[in-house]
Amino acid sequence: MEFNIGSYLSIFVITLLLISCSEQKYFFKSNSINEIKMSPRPDPGSTESRPPDTLVNFKPNKGFRGELKEGDGYITVKPKTAETLKRNRRNVSKKLLFSPDDETKRISFVSKIDELKEKYFIPDVMIDSFPVKTIRYFDTKPVLQTLTTPIKIRPKLTTPALKDSFPSQVSTGINLGIAFGWKFTLNYYQPKPNIFGQKGNKISFAPGIFYGIGSENLAKSNTRDPIITFERSALTHSIGGFGMLGFNSINIGYSFGWDFATGPGKSSWLYQGEMWHGIAFSIDLIK
């Protein structure tokens, strides 16, 4: 197998194009969603006081696609179809929102109500009547990671002349790569950060490809035709694929690939271009 960097650059370009795509989230029907129904304003000059606004809390009858945006202490949900949540609701409860007596608090209250009217939202603690909730949704998106494979398992060589002398090998070493993939994530999101500064948790799976660099020792024991005279540490290029299970930004999983040594004696290395399997770790660079 020959290392063809042109092919992988093409894949890289395609990946970047995918990153530019807009992402849609799938919200589960277990979510508790709020909206504010504004009370009618009294006619100009009327001495009647304005009735209190109403907080409506409900759950969707079924899951739906849409967008999520962060605000100041809350998140808003915008369904892909405008009518999705107007009729698609269950367990509806209502609560009157009375304006505070304190003038400073009342100004803040009215401002927040005006900010959230005609929106679907999941709040943090803004008004005493609002519950603290976590929103659950599923999304898919491109992912960029740093990846390392500290443990590589090199299968037994299949060349008839060598198979008895070179059984399966385990190698360890320092290597670092850049990985591109597509992540499928279950999100448990809330506006208020936890003690680690994270807004909820994420459980994910991500397949993809990677390119990396590392080093391998070229010695008499692992070179043939010809056997090298002077042992040396050679720079290697690695290409391959992976499948990672993740919790928040930390990922662990399976990787496979091919190493290509550089410099004198590279063609003598028995594992030049031979497939290996490994245990990989990665960290998301773009969240």
# chains A, B, ... in the order shown; residues from 1 in each chain; ligands from 1

call {"tool": "residues_around", "arguments": {"residues": "Gly273 of chain A", "least_positions_apart": "2", "cutoff": "10 Å", "atoms": "only C-alpha atoms", "output": "JSON, numbers by chain"}}
result
{"A": [1, 2, 3, 237, 238, 239, 257, 258, 259, 260, 261, 267, 269, 270, 271, 275, 276]}

call {"tool": "select_by_dssp", "arguments": {"residues": "segment 18-122 of chain A", "states": "alpha helix (DSSP H)", "output": "number ranges by chain"}}
result
A: 18-19, 84-87, 103-116

call {"tool": "write_last_selection", "arguments": {"atoms": "N, CA and C atoms", "output": "PDB file, in the first residue's frame"}}
result
ATOM      1  N   LEU A  18     -18.364  19.838   4.647  1.00  0.00           N
ATOM      2  CA  LEU A  18     -19.420  19.324   5.517  1.00  0.00           C
ATOM      3  C   LEU A  18     -19.550  20.169   6.775  1.00  0.00           C
ATOM      4  N   ILE A  19     -18.401  20.662   7.276  1.00  0.00           N
ATOM      5  CA  ILE A  19     -18.421  21.478   8.479  1.00  0.00           C
ATOM      6  C   ILE A  19     -19.247  22.742   8.262  1.00  0.00           C
ATOM      7  N   THR A  84     -45.248  23.461  14.467  1.00  0.00           N
ATOM      8  CA  THR A  84     -44.908  22.210  15.161  1.00  0.00           C
ATOM      9  C   THR A  84     -45.405  22.185  16.594  1.00  0.00           C
ATOM     10  N   LEU A  85     -45.114  23.225  17.376  1.00  0.00           N
ATOM     11  CA  LEU A  85     -45.437  23.210  18.796  1.00  0.00           C
ATOM     12  C   LEU A  85     -46.721  23.953  19.148  1.00  0.00           C
ATOM     13  N   LYS A  86     -47.344  24.570  18.173  1.00  0.00           N
ATOM     14  CA  LYS A  86     -48.600  25.256  18.466  1.00  0.00           C
ATOM     15  C   LYS A  86     -49.715  24.256  18.744  1.00  0.00           C
ATOM     16  N   ARG A  87     -49.718  23.141  18.032  1.00  0.00           N
ATOM     17  CA  ARG A  87     -50.743  22.121  18.209  1.00  0.00           C
ATOM     18  C   ARG A  87     -50.189  20.835  18.816  1.00  0.00           C
ATOM     19  N   GLU A 103     -40.022  48.195  42.530  1.00  0.00           N
ATOM     20  CA  GLU A 103     -39.929  48.823  41.208  1.00  0.00           C
ATOM     21  C   GLU A 103     -38.741  48.289  40.406  1.00  0.00           C
ATOM     22  N   THR A 104     -37.586  48.133  41.062  1.00  0.00           N
ATOM     23  CA  THR A 104     -36.386  47.641  40.354  1.00  0.00           C
ATOM     24  C   THR A 104     -36.622  46.227  39.823  1.00  0.00           C
ATOM     25  N   LYS A 105     -37.195  45.374  40.671  1.00  0.00           N
ATOM     26  CA  LYS A 105     -37.485  44.006  40.235  1.00  0.00           C
ATOM     27  C   LYS A 105     -38.558  43.989  39.149  1.00  0.00           C
ATOM     28  N   ARG A 106     -39.503  44.910  39.246  1.00  0.00           N
ATOM     29  CA  ARG A 106     -40.586  44.956  38.263  1.00  0.00           C
ATOM     30  C   ARG A 106     -40.047  45.316  36.876  1.00  0.00           C
ATOM     31  N   ILE A 107     -39.112  46.256  36.822  1.00  0.00           N
ATOM     32  CA  ILE A 107     -38.507  46.652  35.542  1.00  0.00           C
ATOM     33  C   ILE A 107     -37.793  45.463  34.913  1.00  0.00           C
ATOM     34  N   SER A 108     -37.038  44.720  35.737  1.00  0.00           N
ATOM     35  CA  SER A 108     -36.329  43.540  35.242  1.00  0.00           C
ATOM     36  C   SER A 108     -37.320  42.475  34.790  1.00  0.00           C
ATOM     37  N   PHE A 109     -38.394  42.304  35.552  1.00  0.00           N
ATOM     38  CA  PHE A 109     -39.424  41.311  35.235  1.00  0.00           C
ATOM     39  C   PHE A 109     -40.066  41.611  33.883  1.00  0.00           C
ATOM     40  N   VAL A 110     -40.495  42.837  33.701  1.00  0.00           N
ATOM     41  CA  VAL A 110     -41.155  43.224  32.453  1.00  0.00           C
ATOM     42  C   VAL A 110     -40.205  43.084  31.273  1.00  0.00           C
ATOM     43  N   SER A 111     -38.943  43.459  31.473  1.00  0.00           N
ATOM     44  CA  SER A 111     -37.946  43.337  30.405  1.00  0.00           C
ATOM     45  C   SER A 111     -37.771  41.881  29.986  1.00  0.00           C
ATOM     46  N   LYS A 112     -37.720  40.983  30.974  1.00  0.00           N
ATOM     47  CA  LYS A 112     -37.540  39.565  30.674  1.00  0.00           C
ATOM     48  C   LYS A 112     -38.767  38.986  29.974  1.00  0.00           C
ATOM     49  N   ILE A 113     -39.948  39.412  30.391  1.00  0.00           N
ATOM     50  CA  ILE A 113     -41.170  38.947  29.746  1.00  0.00           C
ATOM     51  C   ILE A 113     -41.186  39.381  28.279  1.00  0.00           C
ATOM     52  N   ASP A 114     -40.861  40.634  28.047  1.00  0.00           N
ATOM     53  CA  ASP A 114     -40.839  41.142  26.671  1.00  0.00           C
ATOM     54  C   ASP A 114     -39.800  40.410  25.821  1.00  0.00           C
ATOM     55  N   GLU A 115     -38.709  40.022  26.466  1.00  0.00           N
ATOM     56  CA  GLU A 115     -37.636  39.326  25.756  1.00  0.00           C
ATOM     57  C   GLU A 115     -38.057  37.925  25.328  1.00  0.00           C
ATOM     58  N   LEU A 116     -38.915  37.305  26.133  1.00  0.00           N
ATOM     59  CA  LEU A 116     -39.276  35.909  25.882  1.00  0.00           C
ATOM     60  C   LEU A 116     -40.628  35.720  25.206  1.00  0.00           C
TER      61      LEU A 116
END

call {"tool": "residues_around", "arguments": {"residues": "Ala234 of chain A", "least_positions_apart": "4", "cutoff": "10 Å", "atoms": "only C-alpha atoms", "output": "list in words"}}
result
Gly214, Ser215, Glu216, Asn217, Leu218, Phe260, Ala261, Thr262, Gly263, Pro264, Gly265 and Lys266 of chain A

call {"tool": "write_last_selection", "arguments": {"atoms": "N, CA and C atoms", "output": "PDB file, in the first residue's frame"}}
result
ATOM      1  N   GLY A 214       4.606  10.023  14.072  1.00  0.00           N
ATOM      2  CA  GLY A 214       5.159   9.334  15.231  1.00  0.00           C
ATOM      3  C   GLY A 214       6.570   8.884  14.935  1.00  0.00           C
ATOM      4  N   SER A 215       7.018   7.876  15.643  1.00  0.00           N
ATOM      5  CA  SER A 215       8.362   7.346  15.413  1.00  0.00           C
ATOM      6  C   SER A 215       8.373   5.849  15.678  1.00  0.00           C
ATOM      7  N   GLU A 216       9.261   5.141  14.983  1.00  0.00           N
ATOM      8  CA  GLU A 216       9.448   3.702  15.171  1.00  0.00           C
ATOM      9  C   GLU A 216      10.928   3.382  15.103  1.00  0.00           C
ATOM     10  N   ASN A 217      11.342   2.417  15.892  1.00  0.00           N
ATOM     11  CA  ASN A 217      12.734   1.981  15.859  1.00  0.00           C
ATOM     12  C   ASN A 217      12.942   0.968  14.733  1.00  0.00           C
ATOM     13  N   LEU A 218      13.861   1.282  13.841  1.00  0.00           N
ATOM     14  CA  LEU A 218      14.248   0.355  12.775  1.00  0.00           C
ATOM     15  C   LEU A 218      15.498  -0.380  13.247  1.00  0.00           C
ATOM     16  N   PHE A 260       4.038   4.512   7.710  1.00  0.00           N
ATOM     17  CA  PHE A 260       5.025   4.623   6.635  1.00  0.00           C
ATOM     18  C   PHE A 260       6.263   5.311   7.190  1.00  0.00           C
ATOM     19  N   ALA A 261       7.335   4.541   7.342  1.00  0.00           N
ATOM     20  CA  ALA A 261       8.587   5.095   7.844  1.00  0.00           C
ATOM     21  C   ALA A 261       9.244   5.951   6.771  1.00  0.00           C
ATOM     22  N   THR A 262      10.069   6.888   7.203  1.00  0.00           N
ATOM     23  CA  THR A 262      10.787   7.767   6.283  1.00  0.00           C
ATOM     24  C   THR A 262      12.291   7.613   6.493  1.00  0.00           C
ATOM     25  N   GLY A 263      13.047   8.018   5.493  1.00  0.00           N
ATOM     26  CA  GLY A 263      14.497   8.006   5.603  1.00  0.00           C
ATOM     27  C   GLY A 263      15.133   6.687   5.208  1.00  0.00           C
ATOM     28  N   PRO A 264      16.462   6.566   5.412  1.00  0.00           N
ATOM     29  CA  PRO A 264      17.204   5.364   5.027  1.00  0.00           C
ATOM     30  C   PRO A 264      16.633   4.101   5.678  1.00  0.00           C
ATOM     31  N   GLY A 265      16.516   3.040   4.904  1.00  0.00           N
ATOM     32  CA  GLY A 265      16.059   1.753   5.417  1.00  0.00           C
ATOM     33  C   GLY A 265      14.561   1.614   5.516  1.00  0.00           C
ATOM     34  N   LYS A 266      13.799   2.613   5.057  1.00  0.00           N
ATOM     35  CA  LYS A 266      12.344   2.543   5.215  1.00  0.00           C
ATOM     36  C   LYS A 266      11.733   1.364   4.460  1.00  0.00           C
TER      37      LYS A 266
END

call {"tool": "closest_residue", "arguments": {"among": "A:Ala219, A:Ile228, A:Ile174, A:Leu245", "to": "Leu186 of chain A", "atoms": "only C-alpha atoms"}}
result
A:Leu245

call {"tool": "atom_distance", "arguments": {"atom1": "atom CA of Lys25 of chain A", "atom2": "atom CA of Thr54 of chain A"}}
result
27.9 Å

call {"tool": "residues_around", "arguments": {"residues": "Thr134 of chain A", "least_positions_apart": "4", "cutoff": "8 Å", "atoms": "only C-alpha atoms", "output": "compact mmCIF listing (two decimals) with C-alpha atoms, in the first residue's frame"}}
result
# COMPACT_ATOMS: atom_id res chain seq x y z
CA ASN A 31 -38.66 17.95 27.13
CA ILE A 122 -36.22 26.42 28.69
CA TYR A 188 -28.37 16.78 28.22
CA TYR A 189 -28.16 20.55 28.22
CA GLN A 190 -28.94 23.25 30.75
CA GLY A 200 -24.82 19.62 30.90

call {"tool": "residues_around", "arguments": {"residues": "Ile279 of chain A", "least_positions_apart": "2", "cutoff": "7 Å", "atoms": "only C-alpha atoms", "output": "MDAnalysis selection string"}}
result
chainID A and resid 149:152 253:255

call {"tool": "select_by_dssp", "arguments": {"residues": "segment 108-247 of chain A", "states": "strand (DSSP E)", "output": "PyMOL selection string"}}
result
chain A and resi 120-123+135-154+169-172+175-189+201-218+232-247
